[in-house]
file run.pdb (PDB, C-alpha atoms)
ATOM      1  CA  MET N  28      57.093   9.077  16.779
ATOM      2  CA  PRO N  29      60.535   9.891  15.325
ATOM      3  CA  THR N  30      60.802  12.041  12.241
ATOM      4  CA  SER N  31      63.476  12.355   9.591
ATOM      5  CA  LEU N  32      65.492  15.465   8.838
ATOM      6  CA  ILE N  33      63.357  16.204   5.764
ATOM      7  CA  THR N  34      62.259  19.655   6.852
ATOM      8  CA  PRO N  35      63.282  22.459   4.411
ATOM      9  CA  VAL N  36      60.573  23.147   1.869
ATOM     10  CA  GLU N  37      62.719  22.329  -1.167
ATOM     11  CA  ASP N  38      63.876  19.077   0.423
ATOM     12  CA  ARG N  39      60.278  18.087   1.124
ATOM     13  CA  LYS N  40      59.318  18.840  -2.469
ATOM     14  CA  ARG N  41      62.265  16.825  -3.732
ATOM     15  CA  VAL N  42      61.244  13.813  -1.662
ATOM     16  CA  ALA N  43      57.628  14.219  -2.774
ATOM     17  CA  ARG N  44      58.696  14.227  -6.437
ATOM     18  CA  ARG N  45      60.747  11.110  -5.839
ATOM     19  CA  LEU N  46      57.857   9.305  -4.169
ATOM     20  CA  ALA N  47      55.379  10.325  -6.871
ATOM     21  CA  GLY N  48      57.847   9.499  -9.615
ATOM     22  CA  SER N  49      56.501   6.000 -10.200
ATOM     23  CA  GLY N  50      53.461   7.532 -11.878
ATOM     24  CA  ARG N  51      51.193   5.092 -10.058
ATOM     25  CA  GLY N  52      48.886   5.312  -7.078
ATOM     26  CA  PHE N  53      48.535   2.661  -4.400
ATOM     27  CA  ALA N  54      46.098   0.437  -6.299
ATOM     28  CA  GLU N  55      48.106   0.552  -9.513
ATOM     29  CA  GLN N  56      51.293  -0.309  -7.642
ATOM     30  CA  TYR N  57      49.608  -3.608  -6.792
ATOM     31  CA  GLY N  58      48.100  -4.350 -10.184
ATOM     32  CA  PHE N  59      44.719  -2.592 -10.147
ATOM     33  CA  ARG N  60      44.270  -0.109 -12.960
ATOM     34  CA  VAL N  61      42.625   3.161 -11.982
ATOM     35  CA  THR N  62      40.766   4.434 -15.013
ATOM     36  CA  ASN N  63      37.465   6.241 -15.366
ATOM     37  CA  ASN N  64      35.418   3.262 -16.478
ATOM     38  CA  PRO N  65      32.783   1.302 -14.544
ATOM     39  CA  ALA N  66      34.744  -1.925 -14.060
ATOM     40  CA  SER N  67      37.926  -0.216 -12.881
ATOM     41  CA  LEU N  68      36.129   2.066 -10.439
ATOM     42  CA  PHE N  69      34.132  -0.801  -8.959
ATOM     43  CA  GLN N  70      37.278  -2.897  -8.479
ATOM     44  CA  VAL N  71      38.863   0.023  -6.630
ATOM     45  CA  LEU N  72      35.755   0.217  -4.456
ATOM     46  CA  TYR N  73      35.783  -3.427  -3.406
ATOM     47  CA  LEU N  74      39.534  -3.228  -2.906
ATOM     48  CA  ALA N  75      38.851  -0.335  -0.516
ATOM     49  CA  VAL N  76      36.266  -2.420   1.359
ATOM     50  CA  LEU N  77      38.803  -5.207   1.823
ATOM     51  CA  LEU N  78      41.669  -2.874   2.769
ATOM     52  CA  ALA N  79      39.550  -1.244   5.474
ATOM     53  CA  ARG N  80      39.253  -4.560   7.331
ATOM     54  CA  ARG N  81      41.653  -5.427  10.108
ATOM     55  CA  GLY N  82      44.569  -7.666   9.272
ATOM     56  CA  ASP N  83      47.427  -7.901   6.818
ATOM     57  CA  PHE N  84      46.836  -5.615   3.855
ATOM     58  CA  ARG N  85      48.314  -8.281   1.578
ATOM     59  CA  ARG N  86      45.323 -10.488   2.302
ATOM     60  CA  ALA N  87      43.050  -7.669   1.195
ATOM     61  CA  LEU N  88      44.979  -7.384  -2.048
ATOM     62  CA  ASP N  89      44.841 -11.153  -2.542
ATOM     63  CA  GLY N  90      41.094 -11.139  -1.926
ATOM     64  CA  ALA N  91      40.475  -8.345  -4.424
ATOM     65  CA  ARG N  92      42.616 -10.083  -7.024
ATOM     66  CA  ALA N  93      40.747 -13.330  -6.427
ATOM     67  CA  LEU N  94      37.381 -11.625  -7.001
ATOM     68  CA  ARG N  95      38.666 -10.053 -10.196
ATOM     69  CA  ASP N  96      40.293 -13.253 -11.444
ATOM     70  CA  GLU N  97      37.070 -15.157 -10.817
ATOM     71  CA  GLY N  98      35.523 -12.898 -13.447
ATOM     72  CA  TRP N  99      33.736 -10.605 -10.997
ATOM     73  CA  ASP N 100      35.409  -7.512 -12.376
ATOM     74  CA  SER N 101      32.297  -5.332 -12.509
ATOM     75  CA  ALA N 102      29.320  -4.596 -10.309
ATOM     76  CA  ALA N 103      26.983  -6.480 -12.638
ATOM     77  CA  ARG N 104      29.113  -9.624 -12.656
ATOM     78  CA  LEU N 105      29.640  -9.642  -8.897
ATOM     79  CA  ALA N 106      25.932  -8.980  -8.385
ATOM     80  CA  ASN N 107      25.145 -12.130 -10.385
ATOM     81  CA  SER N 108      27.506 -14.312  -8.359
ATOM     82  CA  LEU N 109      26.297 -16.822  -5.787
ATOM     83  CA  HIS N 110      26.894 -16.190  -2.109
ATOM     84  CA  GLU N 111      28.522 -19.571  -1.563
ATOM     85  CA  ASP N 112      30.884 -18.952  -4.476
ATOM     86  CA  ARG N 113      31.956 -15.609  -3.023
ATOM     87  CA  VAL N 114      32.590 -17.301   0.332
ATOM     88  CA  ARG N 115      34.719 -19.975  -1.343
ATOM     89  CA  VAL N 116      36.788 -17.497  -3.355
ATOM     90  CA  LEU N 117      37.387 -15.241  -0.360
ATOM     91  CA  ARG N 118      38.394 -18.133   1.885
ATOM     92  CA  ASP N 119      40.679 -19.593  -0.753
ATOM     93  CA  SER N 120      42.369 -16.194  -1.092
ATOM     94  CA  GLY N 121      43.248 -16.207   2.602
ATOM     95  CA  GLN N 122      40.499 -14.056   4.101
ATOM     96  CA  ARG N 123      39.952 -14.696   7.803
ATOM     97  CA  GLY N 124      37.192 -13.820  10.233
ATOM     98  CA  GLY N 125      33.646 -13.030   9.183
ATOM     99  CA  VAL N 126      34.099 -14.305   5.634
ATOM    100  CA  ASP N 127      30.416 -15.214   5.291
ATOM    101  CA  GLU N 128      29.415 -11.698   6.332
ATOM    102  CA  LEU N 129      31.997 -10.151   4.009
ATOM    103  CA  ALA N 130      30.692 -12.189   1.094
ATOM    104  CA  ALA N 131      27.164 -11.002   1.858
ATOM    105  CA  VAL N 132      28.245  -7.361   2.089
ATOM    106  CA  LEU N 133      30.086  -7.539  -1.226
ATOM    107  CA  GLY N 134      27.030  -9.048  -2.875
ATOM    108  CA  ASP N 135      24.799  -6.328  -1.422
ATOM    109  CA  LEU N 136      27.273  -3.664  -2.515
ATOM    110  CA  ALA N 137      27.358  -4.913  -6.085
ATOM    111  CA  ARG N 138      23.572  -5.217  -6.343
ATOM    112  CA  THR N 139      23.070  -1.732  -4.902
ATOM    113  CA  VAL N 140      25.530  -0.171  -7.354
ATOM    114  CA  VAL N 141      23.676  -1.913 -10.180
ATOM    115  CA  GLU N 142      20.243  -0.862  -8.916
ATOM    116  CA  ARG N 143      21.083   2.768  -8.127
ATOM    117  CA  TYR N 144      23.729   3.548 -10.725
ATOM    118  CA  ARG N 145      23.396   0.835 -13.387
ATOM    119  CA  GLY N 146      26.714  -0.580 -12.232
ATOM    120  CA  ASP N 147      28.569   2.641 -12.995
ATOM    121  CA  LEU N 148      30.001   4.783 -10.199
ATOM    122  CA  ARG N 149      30.403   7.622 -12.669
ATOM    123  CA  ARG N 150      26.635   7.963 -12.407
ATOM    124  CA  LEU N 151      27.021   8.454  -8.644
ATOM    125  CA  ARG N 152      29.386  11.306  -9.435
ATOM    126  CA  ALA N 153      26.894  12.759 -11.893
ATOM    127  CA  VAL N 154      24.044  12.504  -9.357
ATOM    128  CA  ALA N 155      26.259  14.365  -6.885
ATOM    129  CA  ARG N 156      26.928  16.995  -9.574
ATOM    130  CA  HIS N 157      30.642  16.705  -8.847
ATOM    131  CA  ASP N 158      30.148  18.018  -5.318
ATOM    132  CA  PRO N 159      32.758  16.337  -3.058
ATOM    133  CA  GLY N 160      30.595  16.336   0.052
ATOM    134  CA  ARG N 161      27.674  14.824  -1.817
ATOM    135  CA  GLU N 162      29.917  12.241  -3.455
ATOM    136  CA  ARG N 163      31.185  11.171  -0.041
ATOM    137  CA  ALA N 164      27.637  10.950   1.284
ATOM    138  CA  LEU N 165      26.413   8.839  -1.624
ATOM    139  CA  LEU N 166      29.406   6.510  -1.350
ATOM    140  CA  ALA N 167      28.872   6.124   2.403
ATOM    141  CA  ALA N 168      25.226   5.190   1.731
ATOM    142  CA  LEU N 169      26.370   2.029  -0.090
ATOM    143  CA  PRO N 170      26.448  -1.299   1.789
ATOM    144  CA  GLY N 171      29.784  -1.964   3.479
ATOM    145  CA  VAL N 172      31.085   1.544   2.804
ATOM    146  CA  ASP N 173      31.979   3.734   5.787
ATOM    147  CA  GLY N 174      34.260   6.718   6.251
ATOM    148  CA  PRO N 175      37.554   4.796   6.042
ATOM    149  CA  VAL N 176      36.370   2.968   2.898
ATOM    150  CA  VAL N 177      35.394   6.282   1.316
ATOM    151  CA  ASP N 178      38.860   7.677   2.075
ATOM    152  CA  LEU N 179      40.552   4.634   0.562
ATOM    153  CA  PHE N 180      38.418   4.797  -2.572
ATOM    154  CA  LEU N 181      38.852   8.532  -3.053
ATOM    155  CA  ARG N 182      42.583   8.274  -2.368
ATOM    156  CA  GLU N 183      42.732   6.515  -5.723
ATOM    157  CA  ALA N 184      39.820   8.206  -7.506
ATOM    158  CA  GLN N 185      41.129  11.731  -6.892
ATOM    159  CA  ALA N 186      43.449  11.230  -9.862
ATOM    160  CA  LEU N 187      40.284  11.110 -11.977
ATOM    161  CA  TRP N 188      37.658  12.886  -9.862
ATOM    162  CA  ARG N 189      39.719  16.016  -9.315
ATOM    163  CA  GLU N 190      37.043  17.786  -7.306
ATOM    164  CA  VAL N 191      37.507  15.459  -4.304
ATOM    165  CA  ALA N 192      41.215  16.262  -3.843
ATOM    166  CA  PRO N 193      43.049  16.485  -1.553
ATOM    167  CA  VAL N 194      42.470  13.071   0.012
ATOM    168  CA  ALA N 195      44.913  11.097   2.156
ATOM    169  CA  ASP N 196      44.104   8.014   4.210
ATOM    170  CA  ARG N 197      45.445   7.340   7.703
ATOM    171  CA  HIS N 198      48.431   5.302   6.495
ATOM    172  CA  ALA N 199      49.557   8.010   4.096
ATOM    173  CA  LEU N 200      49.219  10.634   6.809
ATOM    174  CA  ALA N 201      51.129   8.487   9.299
ATOM    175  CA  ALA N 202      54.007   8.229   6.823
ATOM    176  CA  ALA N 203      53.853  11.940   6.008
ATOM    177  CA  ARG N 204      54.118  12.877   9.692
ATOM    178  CA  ARG N 205      56.953  10.455  10.318
ATOM    179  CA  LEU N 206      58.901  11.712   7.307
ATOM    180  CA  GLY N 207      58.306  15.354   8.130
ATOM    181  CA  LEU N 208      56.310  15.970   4.955
ATOM    182  CA  GLY N 209      53.217  17.347   6.622
ATOM    183  CA  ARG N 210      50.271  16.486   8.806
ATOM    184  CA  SER N 211      47.314  16.830   6.452
ATOM    185  CA  ALA N 212      46.145  16.093   2.941
ATOM    186  CA  ALA N 213      46.381  19.830   2.244
ATOM    187  CA  ASP N 214      50.057  19.800   3.251
ATOM    188  CA  LEU N 215      50.722  16.980   0.798
ATOM    189  CA  ALA N 216      48.779  18.754  -1.944
ATOM    190  CA  GLY N 217      51.166  21.683  -1.565
ATOM    191  CA  LEU N 218      54.108  19.377  -2.188
ATOM    192  CA  ALA N 219      52.397  17.823  -5.206
ATOM    193  CA  THR N 220      52.097  21.207  -6.930
ATOM    194  CA  GLY N 221      48.322  21.054  -6.522
ATOM    195  CA  GLU N 222      47.787  18.412  -9.195
ATOM    196  CA  SER N 223      45.350  15.693  -8.109
ATOM    197  CA  GLU N 224      47.072  13.014 -10.184
ATOM    198  CA  GLN N 225      50.471  13.780  -8.669
ATOM    199  CA  LEU N 226      48.845  13.891  -5.245
ATOM    200  CA  ALA N 227      47.296  10.451  -5.750
ATOM    201  CA  TRP N 228      50.720   9.055  -6.664
ATOM    202  CA  LEU N 229      52.361  10.689  -3.636
ATOM    203  CA  VAL N 230      49.670   9.592  -1.203
ATOM    204  CA  GLY N 231      49.710   6.067  -2.605
ATOM    205  CA  ALA N 232      53.484   5.841  -2.187
ATOM    206  CA  LEU N 233      53.255   7.081   1.398
ATOM    207  CA  ALA N 234      50.554   4.566   2.259
ATOM    208  CA  ARG N 235      52.687   1.806   0.823
ATOM    209  CA  ILE N 236      55.720   2.924   2.840
ATOM    210  CA  ASP N 237      53.700   2.808   6.055
ATOM    211  CA  LEU N 238      52.069  -0.540   5.341
ATOM    212  CA  GLU N 239      55.317  -2.158   4.223
ATOM    213  CA  HIS N 240      57.406  -0.446   6.937
ATOM    214  CA  ARG N 241      59.863   0.903   4.369
ATOM    215  CA  TYR N 242      60.939   4.029   6.258
ATOM    216  CA  ALA N 243      64.597   3.016   6.339
ATOM    217  CA  GLU N 244      64.827   3.490   2.576
ATOM    218  CA  LEU N 245      64.236   7.214   3.020
ATOM    219  CA  THR N 246      65.530   7.983   6.509
ATOM    220  CA  GLY N 247      68.242   5.412   7.132
ATOM    221  CA  ARG N 248      66.319   4.461  10.262
ATOM    222  CA  PRO N 249      64.169   1.345  10.859
TER     223      PRO N 249
END

call {"tool": "encode", "arguments": {"input": "run.pdb", "output": "structure tokens"}}
result
Amino acid sequence: MPTSLITPVEDRKRVARRLAGSGRGFAEQYGFRVTNNPASLFQVLYLAVLLARRGDFRRALDGARALRDEGWDSAARLANSLHEDRVRVLRDSGQRGGVDELAAVLGDLARTVVERYRGDLRRLRAVARHDPGRERALLAALPGVDGPVVDLFLREAQALWREVAPVADRHALAAARRLGLGRSAADLAGLATGESEQLAWLVGALARIDLEHRYAELTGRP
């Protein structure tokens, strides 16, 4: 995998500041607010479930927007939706392959969040007593949530749940390696001056670069 000439420490920090300069993480770049309230956190969670599926990431974004625009913007509202309605909305948004199963998983996820945490993922954080390992374990115990989904959710949530930082998903790390910015979430945290919010913006920008194949903008190479 080719890398750019971004190697001196100050150059890496300069590029990191540029990438984080939008002041938005991945989800917010595509229209999903990341705030510490139940509806926002749950939307980020089902966006993570959709993004973790194989296929074009734009379809995942379209599916998450469709769920939100249907009025299912919280765990309680999605939990009260009908299975056949979820199937219809997901199919109309362009989801392909296993849509019926996906609709069932999303329904189970919403109901479980309501039953265990009254629809509020902040309660999951409180149950975990802000312990990152415990938070990961409780998230992974939810229907449809595995390790990659946890990483995608916490990639965004680390701006708010500072104890989980540093978190970087596989796309962000692929971009970081290719650009010579580092090979781990800890490397990226060093470039983001240790601030979890700045790190979330940097990681989100890197993930977007990898998914949209926008390397040429930074390296001059395709």

call {"tool": "atom_distance", "arguments": {"input": "run.pdb", "atom1": "atom CA of N:Ala43", "atom2": "atom CA of N:Asp83"}}
result
26.2 Å

call {"tool": "atom_distance", "arguments": {"input": "run.pdb", "atom1": "atom CA of N:Ser49", "atom2": "atom CA of N:Trp188"}}
result
20.1 Å

call {"tool": "atom_distance", "arguments": {"input": "run.pdb", "atom1": "atom CA of N:Glu37", "atom2": "atom CA of N:Arg182"}}
result
24.6 Å

call {"tool": "residues_near_point", "arguments": {"input": "run.pdb", "point": "(46.0, -11.0, 5.8)", "cutoff": "12 Å", "atoms": "only C-alpha atoms", "output": "PyMOL selection string"}}
result
chain N and resi 77-91+117-118+120-124

call {"tool": "write_last_selection", "arguments": {"input": "run.pdb", "atoms": "C-alpha atoms", "output": "PDB file, in the coordinates of the input"}}
result
ATOM      1  CA  LEU N  77      38.803  -5.207   1.823  1.00  0.00           C
ATOM      2  CA  LEU N  78      41.669  -2.874   2.769  1.00  0.00           C
ATOM      3  CA  ALA N  79      39.550  -1.244   5.474  1.00  0.00           C
ATOM      4  CA  ARG N  80      39.253  -4.560   7.331  1.00  0.00           C
ATOM      5  CA  ARG N  81      41.653  -5.427  10.108  1.00  0.00           C
ATOM      6  CA  GLY N  82      44.569  -7.666   9.272  1.00  0.00           C
ATOM      7  CA  ASP N  83      47.427  -7.901   6.818  1.00  0.00           C
ATOM      8  CA  PHE N  84      46.836  -5.615   3.855  1.00  0.00           C
ATOM      9  CA  ARG N  85      48.314  -8.281   1.578  1.00  0.00           C
ATOM     10  CA  ARG N  86      45.323 -10.488   2.302  1.00  0.00           C
ATOM     11  CA  ALA N  87      43.050  -7.669   1.195  1.00  0.00           C
ATOM     12  CA  LEU N  88      44.979  -7.384  -2.048  1.00  0.00           C
ATOM     13  CA  ASP N  89      44.841 -11.153  -2.542  1.00  0.00           C
ATOM     14  CA  GLY N  90      41.094 -11.139  -1.926  1.00  0.00           C
ATOM     15  CA  ALA N  91      40.475  -8.345  -4.424  1.00  0.00           C
ATOM     16  CA  LEU N 117      37.387 -15.241  -0.360  1.00  0.00           C
ATOM     17  CA  ARG N 118      38.394 -18.133   1.885  1.00  0.00           C
ATOM     18  CA  SER N 120      42.369 -16.194  -1.092  1.00  0.00           C
ATOM     19  CA  GLY N 121      43.248 -16.207   2.602  1.00  0.00           C
ATOM     20  CA  GLN N 122      40.499 -14.056   4.101  1.00  0.00           C
ATOM     21  CA  ARG N 123      39.952 -14.696   7.803  1.00  0.00           C
ATOM     22  CA  GLY N 124      37.192 -13.820  10.233  1.00  0.00           C
TER      23      GLY N 124
END

call {"tool": "axis_aligned_box", "arguments": {"input": "run.pdb", "around": "stretch 69-87 of chain N", "padding_each_side": "5 Å", "output": "AutoDock Vina command-line options"}}
result
--center_x 41.2 --center_y -5.1 --center_z 0.6 --size_x 24.2 --size_y 20.7 --size_z 29.1

call {"tool": "resolve_selection", "arguments": {"input": "run.pdb", "expression": "the PyMOL selection byres ((chain N and resi 177) around 10)", "output": "list in words"}}
result
Leu72, Ala75, Val76, Ala79, Glu162, Arg163, Ala164, Leu165, Leu166, Ala167, Val172, Asp173, Gly174, Pro175, Val176, Asp178, Leu179, Phe180, Leu181, Arg182, Val194 and Asp196 of chain N

call {"tool": "closest_residue", "arguments": {"input": "run.pdb", "among": "N:Gln225, N:Gln56, N:Ser67, N:Thr139", "to": "N:Arg95", "atoms": "only C-alpha atoms"}}
result
N:Ser67

call {"tool": "decode", "arguments": {"input": "run.pdb", "residues": "stretch 179-208 of chain N", "atoms": "N, CA, C and O atoms", "output": "short mmCIF file (atom, residue, chain, number, x, y, z; two decimals), in the first residue's frame"}}
result
data_model
loop_
_atom_site.label_atom_id
_atom_site.label_comp_id
_atom_site.auth_asym_id
_atom_site.auth_seq_id
_atom_site.Cartn_x
_atom_site.Cartn_y
_atom_site.Cartn_z
N LEU N 179 -17.73 1.36 15.38
CA LEU N 179 -18.35 2.43 14.62
C LEU N 179 -19.15 3.37 15.52
O LEU N 179 -19.15 4.59 15.33
N PHE N 180 -19.85 2.80 16.48
CA PHE N 180 -20.61 3.63 17.42
C PHE N 180 -19.68 4.47 18.28
O PHE N 180 -19.87 5.69 18.42
N LEU N 181 -18.66 3.84 18.84
CA LEU N 181 -17.77 4.57 19.74
C LEU N 181 -16.86 5.53 18.99
O LEU N 181 -16.38 6.51 19.59
N ARG N 182 -16.63 5.29 17.71
CA ARG N 182 -15.90 6.27 16.90
C ARG N 182 -16.57 7.64 17.00
O ARG N 182 -15.90 8.67 17.07
N GLU N 183 -17.89 7.63 17.00
CA GLU N 183 -18.64 8.87 17.11
C GLU N 183 -18.82 9.29 18.56
O GLU N 183 -18.64 10.46 18.92
N ALA N 184 -19.17 8.34 19.42
CA ALA N 184 -19.52 8.65 20.81
C ALA N 184 -18.33 9.11 21.64
O ALA N 184 -18.51 9.75 22.68
N GLN N 185 -17.09 8.83 21.18
CA GLN N 185 -15.94 9.23 21.98
C GLN N 185 -15.84 10.75 22.15
O GLN N 185 -15.19 11.23 23.07
N ALA N 186 -16.49 11.50 21.26
CA ALA N 186 -16.52 12.95 21.44
C ALA N 186 -17.30 13.33 22.69
O ALA N 186 -17.08 14.42 23.26
N LEU N 187 -18.20 12.45 23.13
CA LEU N 187 -19.04 12.69 24.29
C LEU N 187 -18.65 11.80 25.47
O LEU N 187 -18.61 12.26 26.60
N TRP N 188 -18.40 10.54 25.18
CA TRP N 188 -18.00 9.57 26.20
C TRP N 188 -16.48 9.50 26.19
O TRP N 188 -15.87 8.58 25.62
N ARG N 189 -15.84 10.45 26.80
CA ARG N 189 -14.40 10.63 26.66
C ARG N 189 -13.59 9.45 27.17
O ARG N 189 -12.45 9.23 26.74
N GLU N 190 -14.18 8.67 28.06
CA GLU N 190 -13.43 7.55 28.64
C GLU N 190 -13.13 6.45 27.63
O GLU N 190 -12.22 5.65 27.84
N VAL N 191 -13.89 6.38 26.53
CA VAL N 191 -13.67 5.28 25.58
C VAL N 191 -12.54 5.58 24.60
O VAL N 191 -12.03 4.68 23.93
N ALA N 192 -12.14 6.85 24.48
CA ALA N 192 -11.10 7.23 23.53
C ALA N 192 -9.74 6.62 23.94
O ALA N 192 -9.49 6.42 25.13
N PRO N 193 -8.87 6.29 22.96
CA PRO N 193 -9.05 6.55 21.53
C PRO N 193 -9.72 5.38 20.81
O PRO N 193 -9.45 4.22 21.13
N VAL N 194 -10.58 5.71 19.86
CA VAL N 194 -11.24 4.69 19.04
C VAL N 194 -11.10 5.08 17.57
O VAL N 194 -11.34 6.23 17.20
N ALA N 195 -10.71 4.12 16.75
CA ALA N 195 -10.65 4.33 15.30
C ALA N 195 -11.11 3.03 14.63
O ALA N 195 -10.67 1.95 15.01
N ASP N 196 -12.01 3.15 13.67
CA ASP N 196 -12.49 1.97 12.96
C ASP N 196 -11.50 1.60 11.85
O ASP N 196 -10.52 2.28 11.60
N ARG N 197 -11.78 0.50 11.17
CA ARG N 197 -10.83 -0.03 10.19
C ARG N 197 -10.62 0.91 9.00
O ARG N 197 -9.53 0.98 8.45
N HIS N 198 -11.66 1.66 8.61
CA HIS N 198 -11.50 2.58 7.49
C HIS N 198 -10.61 3.77 7.87
O HIS N 198 -9.76 4.19 7.08
N ALA N 199 -10.80 4.28 9.07
CA ALA N 199 -9.96 5.37 9.53
C ALA N 199 -8.50 4.93 9.64
O ALA N 199 -7.58 5.66 9.25
N LEU N 200 -8.29 3.72 10.14
CA LEU N 200 -6.92 3.23 10.27
C LEU N 200 -6.29 2.94 8.92
O LEU N 200 -5.08 3.15 8.72
N ALA N 201 -7.10 2.47 7.97
CA ALA N 201 -6.56 2.25 6.62
C ALA N 201 -6.08 3.56 6.01
O ALA N 201 -5.00 3.64 5.41
N ALA N 202 -6.88 4.63 6.19
CA ALA N 202 -6.48 5.93 5.67
C ALA N 202 -5.26 6.46 6.40
O ALA N 202 -4.35 7.04 5.79
N ALA N 203 -5.22 6.29 7.71
CA ALA N 203 -4.08 6.77 8.49
C ALA N 203 -2.79 6.11 8.04
O ALA N 203 -1.75 6.78 7.88
N ARG N 204 -2.83 4.80 7.82
CA ARG N 204 -1.62 4.10 7.36
C ARG N 204 -1.20 4.59 5.98
O ARG N 204 -0.02 4.83 5.72
N ARG N 205 -2.17 4.73 5.10
CA ARG N 205 -1.85 5.13 3.73
C ARG N 205 -1.29 6.56 3.66
O ARG N 205 -0.44 6.86 2.82
N LEU N 206 -1.75 7.41 4.55
CA LEU N 206 -1.29 8.79 4.57
C LEU N 206 -0.06 9.02 5.45
O LEU N 206 0.43 10.12 5.56
N GLY N 207 0.39 7.94 6.09
CA GLY N 207 1.57 8.07 6.94
C GLY N 207 1.30 8.77 8.25
O GLY N 207 2.21 9.33 8.86
N LEU N 208 0.05 8.72 8.71
CA LEU N 208 -0.30 9.41 9.96
C LEU N 208 -0.22 8.52 11.18
O LEU N 208 -0.37 8.99 12.31
#
